[in-house]
$ cat upload_36.pdb   # PDB, C-alpha atoms
ATOM      1  CA  MET X  32      94.045-132.387  73.237
ATOM      2  CA  GLU X  33      96.760-133.051  70.648
ATOM      3  CA  VAL X  34      98.412-135.648  72.911
ATOM      4  CA  CYS X  35      95.115-137.498  73.229
ATOM      5  CA  ARG X  36      94.593-137.245  69.490
ATOM      6  CA  GLY X  37      97.972-138.857  68.711
ATOM      7  CA  SER X  38      97.448-141.708  71.171
ATOM      8  CA  THR X  39      93.925-142.287  69.863
ATOM      9  CA  ILE X  40      95.191-142.466  66.285
ATOM     10  CA  GLN X  41      97.776-145.075  67.335
ATOM     11  CA  LEU X  42      95.118-147.110  69.136
ATOM     12  CA  LEU X  43      92.798-146.945  66.128
ATOM     13  CA  ASN X  44      95.604-147.930  63.750
ATOM     14  CA  PHE X  45      96.334-150.951  65.938
ATOM     15  CA  ALA X  46      92.659-151.942  66.111
ATOM     16  CA  ASP X  47      92.335-151.538  62.345
ATOM     17  CA  ALA X  48      95.398-153.735  61.750
ATOM     18  CA  VAL X  49      93.905-156.422  64.007
ATOM     19  CA  ALA X  50      90.558-156.234  62.190
ATOM     20  CA  ILE X  51      92.064-156.781  58.739
ATOM     21  CA  ARG X  52      94.436-159.652  59.644
ATOM     22  CA  SER X  53      93.644-163.313  59.064
ATOM     23  CA  ARG X  54      90.368-164.668  60.376
ATOM     24  CA  SER X  55      91.616-167.819  62.053
ATOM     25  CA  PRO X  56      89.324-169.086  64.824
ATOM     26  CA  GLU X  57      92.097-168.833  67.423
ATOM     27  CA  ARG X  58      91.987-165.030  67.124
ATOM     28  CA  LEU X  59      88.333-164.704  68.184
ATOM     29  CA  PHE X  60      88.970-163.962  71.841
ATOM     30  CA  ARG X  61      91.602-161.293  71.199
ATOM     31  CA  ILE X  62      89.342-159.562  68.702
ATOM     32  CA  LEU X  63      86.400-159.803  71.114
ATOM     33  CA  ASP X  64      88.494-158.078  73.791
ATOM     34  CA  LEU X  65      89.448-155.319  71.381
ATOM     35  CA  PHE X  66      85.838-155.000  70.144
ATOM     36  CA  GLU X  67      84.563-154.610  73.727
ATOM     37  CA  THR X  68      87.325-152.161  74.639
ATOM     38  CA  LEU X  69      86.689-149.967  71.614
ATOM     39  CA  ARG X  70      82.936-150.113  72.249
ATOM     40  CA  GLY X  71      83.598-148.783  75.759
ATOM     41  CA  LEU X  72      85.932-146.051  74.504
ATOM     42  CA  ILE X  73      83.656-144.630  71.815
ATOM     43  CA  PRO X  74      81.545-142.587  74.281
ATOM     44  CA  GLU X  75      84.802-141.225  75.741
ATOM     45  CA  PHE X  76      85.994-140.306  72.259
ATOM     46  CA  GLU X  77      82.689-138.569  71.557
ATOM     47  CA  SER X  78      83.034-136.392  74.648
ATOM     48  CA  LEU X  79      86.762-135.734  74.172
ATOM     49  CA  PHE X  80      86.703-135.073  70.425
ATOM     50  CA  CYS X  81      83.534-133.036  70.065
ATOM     51  CA  ASP X  82      84.826-130.151  67.944
ATOM     52  CA  GLN X  83      84.255-130.018  64.195
ATOM     53  CA  TYR X  84      87.872-130.925  63.437
ATOM     54  CA  SER X  85      87.857-134.092  65.519
ATOM     55  CA  VAL X  86      84.503-135.576  64.547
ATOM     56  CA  SER X  87      86.239-137.583  61.816
ATOM     57  CA  LEU X  88      88.302-139.311  64.508
ATOM     58  CA  VAL X  89      85.129-140.447  66.284
ATOM     59  CA  ASN X  90      83.684-141.634  62.962
ATOM     60  CA  GLU X  91      86.905-143.556  62.297
ATOM     61  CA  ALA X  92      86.618-145.234  65.717
ATOM     62  CA  ILE X  93      83.051-146.300  64.943
ATOM     63  CA  THR X  94      84.084-147.594  61.511
ATOM     64  CA  ILE X  95      86.925-149.654  62.978
ATOM     65  CA  TRP X  96      84.634-150.977  65.725
ATOM     66  CA  LYS X  97      82.209-152.153  63.030
ATOM     67  CA  ARG X  98      85.119-153.694  61.125
ATOM     68  CA  LEU X  99      86.054-155.651  64.241
ATOM     69  CA  GLY X 100      82.461-156.915  64.366
ATOM     70  CA  GLU X 101      82.743-158.029  60.753
ATOM     71  CA  ALA X 102      86.013-159.788  61.610
ATOM     72  CA  ILE X 103      84.246-161.673  64.412
ATOM     73  CA  ARG X 104      81.583-162.859  61.985
ATOM     74  CA  GLY X 105      84.310-163.800  59.521
ATOM     75  CA  ILE X 106      86.008-165.884  62.203
ATOM     76  CA  PHE X 107      82.818-167.870  62.699
ATOM     77  CA  MET X 108      82.632-168.430  58.945
ATOM     78  CA  GLU X 109      86.230-169.642  59.032
ATOM     79  CA  LEU X 110      85.301-172.046  61.848
ATOM     80  CA  GLU X 111      82.556-173.419  59.587
ATOM     81  CA  ASN X 112      85.095-173.874  56.790
ATOM     82  CA  LEU X 113      87.490-175.605  59.177
ATOM     83  CA  ILE X 114      84.769-178.116  60.098
ATOM     84  CA  ARG X 115      83.881-178.692  56.433
ATOM     85  CA  ARG X 116      87.504-179.225  55.412
ATOM     86  CA  ASP X 117      88.408-181.593  58.261
ATOM     87  CA  PRO X 118      89.161-184.838  56.415
ATOM     88  CA  ALA X 119      87.822-188.243  57.404
ATOM     89  CA  LYS X 120      91.141-190.009  56.972
ATOM     90  CA  SER X 121      91.710-192.208  59.958
ATOM     91  CA  ALA X 122      89.605-193.733  62.694
ATOM     92  CA  VAL X 123      90.015-192.676  66.306
ATOM     93  CA  PRO X 124      91.159-195.756  68.245
ATOM     94  CA  GLY X 125      88.256-197.398  70.046
ATOM     95  CA  GLY X 126      85.769-194.919  68.588
ATOM     96  CA  GLY X 127      86.821-192.212  71.095
ATOM     97  CA  VAL X 128      85.947-188.542  70.892
ATOM     98  CA  HIS X 129      87.255-187.129  67.636
ATOM     99  CA  PRO X 130      89.666-184.186  67.979
ATOM    100  CA  ILE X 131      87.447-181.911  65.812
ATOM    101  CA  THR X 132      84.542-182.571  68.197
ATOM    102  CA  ARG X 133      86.652-181.702  71.205
ATOM    103  CA  TYR X 134      88.006-178.578  69.498
ATOM    104  CA  VAL X 135      84.619-177.259  68.347
ATOM    105  CA  MET X 136      82.835-177.990  71.625
ATOM    106  CA  ASN X 137      85.565-176.335  73.700
ATOM    107  CA  TYR X 138      85.596-173.400  71.291
ATOM    108  CA  LEU X 139      81.837-172.868  71.499
ATOM    109  CA  ARG X 140      81.875-173.232  75.273
ATOM    110  CA  ALA X 141      84.589-170.572  75.512
ATOM    111  CA  ALA X 142      82.702-168.343  73.046
ATOM    112  CA  CYS X 143      79.603-168.528  75.253
ATOM    113  CA  ARG X 144      81.508-166.622  77.924
ATOM    114  CA  SER X 145      81.210-163.619  75.588
ATOM    115  CA  ARG X 146      77.597-164.371  74.723
ATOM    116  CA  GLN X 147      76.279-160.811  75.086
ATOM    117  CA  THR X 148      78.963-159.322  72.871
ATOM    118  CA  LEU X 149      78.577-162.059  70.266
ATOM    119  CA  GLU X 150      74.796-161.625  70.262
ATOM    120  CA  GLN X 151      75.307-157.905  69.655
ATOM    121  CA  VAL X 152      77.688-158.625  66.778
ATOM    122  CA  PHE X 153      75.343-161.102  65.117
ATOM    123  CA  GLU X 154      72.236-158.957  65.704
ATOM    124  CA  ASP X 155      73.908-155.816  64.325
ATOM    125  CA  TYR X 156      74.824-157.579  61.104
ATOM    126  CA  GLY X 157      71.666-159.654  60.719
ATOM    127  CA  HIS X 158      71.353-163.403  60.384
ATOM    128  CA  PRO X 159      74.199-164.648  58.176
ATOM    129  CA  LEU X 160      72.415-167.964  57.693
ATOM    130  CA  LYS X 161      69.144-166.883  56.072
ATOM    131  CA  GLU X 162      69.988-168.812  52.920
ATOM    132  CA  TYR X 163      69.914-172.161  54.705
ATOM    133  CA  PRO X 164      66.340-173.532  54.511
ATOM    134  CA  LYS X 165      66.810-176.032  57.368
ATOM    135  CA  LEU X 166      67.246-173.117  59.757
ATOM    136  CA  ASP X 167      64.223-171.022  58.701
ATOM    137  CA  ASP X 168      62.049-171.910  61.703
ATOM    138  CA  ARG X 169      64.891-171.424  64.156
ATOM    139  CA  ILE X 170      65.861-168.036  62.709
ATOM    140  CA  ALA X 171      62.438-166.583  63.432
ATOM    141  CA  HIS X 172      62.417-167.674  67.089
ATOM    142  CA  SER X 173      66.063-167.534  68.206
ATOM    143  CA  SER X 174      68.860-165.076  68.713
ATOM    144  CA  SER X 175      71.359-164.739  65.900
ATOM    145  CA  LEU X 176      74.085-166.261  68.048
ATOM    146  CA  SER X 177      72.043-169.344  68.891
ATOM    147  CA  VAL X 178      71.226-169.817  65.200
ATOM    148  CA  GLN X 179      74.934-169.490  64.360
ATOM    149  CA  MET X 180      75.892-172.057  67.007
ATOM    150  CA  ASP X 181      73.088-174.360  65.888
ATOM    151  CA  TRP X 182      74.446-174.207  62.344
ATOM    152  CA  ILE X 183      77.984-174.981  63.527
ATOM    153  CA  MET X 184      76.662-177.974  65.492
ATOM    154  CA  GLU X 185      74.787-179.153  62.405
ATOM    155  CA  LEU X 186      77.979-178.908  60.327
ATOM    156  CA  LEU X 187      79.887-180.804  62.997
ATOM    157  CA  GLY X 188      77.186-183.494  63.054
ATOM    158  CA  SER X 189      77.338-184.019  59.297
ATOM    159  CA  ASN X 190      81.146-184.046  59.456
ATOM    160  CA  LEU X 191      81.047-186.752  62.136
ATOM    161  CA  GLU X 192      78.497-188.705  60.152
ATOM    162  CA  GLY X 193      80.961-188.812  57.260
ATOM    163  CA  LYS X 194      83.745-189.870  59.606
ATOM    164  CA  SER X 195      81.598-192.693  60.992
ATOM    165  CA  LYS X 196      81.683-194.408  57.603
ATOM    166  CA  ILE X 197      85.378-195.238  57.947
ATOM    167  CA  TYR X 198      84.655-197.688  60.784
ATOM    168  CA  ARG X 199      84.060-201.290  59.763
ATOM    169  CA  GLU X 200      82.277-202.269  62.949
ATOM    170  CA  PRO X 201      78.599-201.105  63.003
ATOM    171  CA  ALA X 202      78.700-200.361  66.737
ATOM    172  CA  LEU X 203      81.629-197.986  66.264
ATOM    173  CA  CYS X 204      79.805-196.296  63.362
ATOM    174  CA  LYS X 205      76.881-195.522  65.662
ATOM    175  CA  ALA X 206      79.198-194.456  68.486
ATOM    176  CA  LYS X 207      80.970-192.061  66.140
ATOM    177  CA  ILE X 208      77.686-190.432  65.137
ATOM    178  CA  VAL X 209      76.780-189.974  68.813
ATOM    179  CA  ASN X 210      80.272-188.559  69.332
TER
END

$ encode --input "upload_36.pdb" --output "structure tokens"
Amino acid sequence: MEVCRGSTIQLLNFADAVAIRSRSPERLFRILDLFETLRGLIPEFESLFCDQYSVSLVNEAITIWKRLGEAIRGIFMELENLIRRDPAKSAVPGGGVHPITRYVMNYLRAACRSRQTLEQVFEDYGHPLKEYPKLDDRIAHSSSLSVQMDWIMELLGSNLEGKSKIYREPALCKAKIVN
């Protein structure tokens, strides 16, 4: 029992360190893996550490699992900030696909592979976007994850609209908005 306890404490310390590190979007998939792994281990912890002295270890595992969920939400907020901060400095030659569009679309496509886990994370913590009036109708009829992705797409659209203004040729302006 004591051997399992020591290893579990090390695992939880590692998971906690991951949860409190930076919230850069590139870390989403590692944190998702850890979130899913810890979620799967919690029932094992509950059966292994069922005595009165070990219940705090199970509670710590649940707390860290929730912290990982908060980190996942924080990563999506950081993705929003990344889109907002992306400057409209230079035109893409020929009006091609802007790198931020490619990055965000690939990111969201990859995130959809973990759709069930992300939906659980966003449902457990409620809709983070309730304060945005444009999304009111969608919040009532959609999953939290789809509302979150819709919001990110809306941010990307407004970002691209701003970038379209740097083109002198009207056709390229329109192409950039469609981008």

$ atom_distance --input "upload_36.pdb" --atom1 "atom CA of X:Leu72" --atom2 "atom CA of X:Leu43"
10.9 Å

$ resolve_selection --input "upload_36.pdb" --expression "the PyMOL selection byres ((chain X and resi 93) around 12)" --output "JSON, numbers by chain"
{"X": [43, 46, 47, 66, 69, 70, 71, 72, 73, 74, 76, 77, 86, 87, 88, 89, 90, 91, 92, 94, 95, 96, 97, 98, 99, 100]}

$ residues_near_point --input "upload_36.pdb" --point "(80.7, -175.4, 54.4)" --cutoff "12 Å" --atoms "all atoms listed in the file" --output "ChimeraX atom specification"
/X:107-117,160,163,182-183,185-187,189-190

$ atom_distance --input "upload_36.pdb" --atom1 "atom CA of X:Gly37" --atom2 "atom CA of X:Ser53"
26.6 Å

$ closest_residue --input "upload_36.pdb" --among "X:Ile131, X:Tyr84, X:Gly193, X:Ala102" --to "X:Ala48" --atoms "only C-alpha atoms"
X:Ala102

$ axis_aligned_box --input "upload_36.pdb" --around "stretch 77-85 of chain X" --padding-each-side "8 Å" --output "AutoDock Vina command-line options"
--center_x 85.3 --center_y -134.3 --center_z 69.0 --size_x 21.2 --size_y 24.6 --size_z 27.2

$ residues_near_point --input "upload_36.pdb" --point "(81.9, -155.9, 78.5)" --cutoff "12 Å" --atoms "only C-alpha atoms" --output "PyMOL selection string"
chain X and resi 63-72+144-149+151

$ closest_residue --input "upload_36.pdb" --among "X:Ser55, X:Thr39, X:Asn44, X:Gln179" --to "X:Glu75" --atoms "only C-alpha atoms"
X:Thr39

$ closest_residue --input "upload_36.pdb" --among "X:Leu176, X:Ile51, X:Met184, X:Ile40" --to "X:Phe153" --atoms "all atoms listed in the file"
X:Leu176

$ closest_residue --input "upload_36.pdb" --among "X:Val152, X:Arg140, X:Glu33, X:Ile103" --to "X:Phe60" --atoms "all atoms listed in the file"
X:Ile103

$ closest_residue --input "upload_36.pdb" --among "X:Val128, X:Leu191, X:Val49, X:Leu79" --to "X:Cys35" --atoms "all atoms listed in the file"
X:Leu79

$ atom_distance --input "upload_36.pdb" --atom1 "atom CA of X:Ser85" --atom2 "atom CA of X:Arg36"
8.4 Å
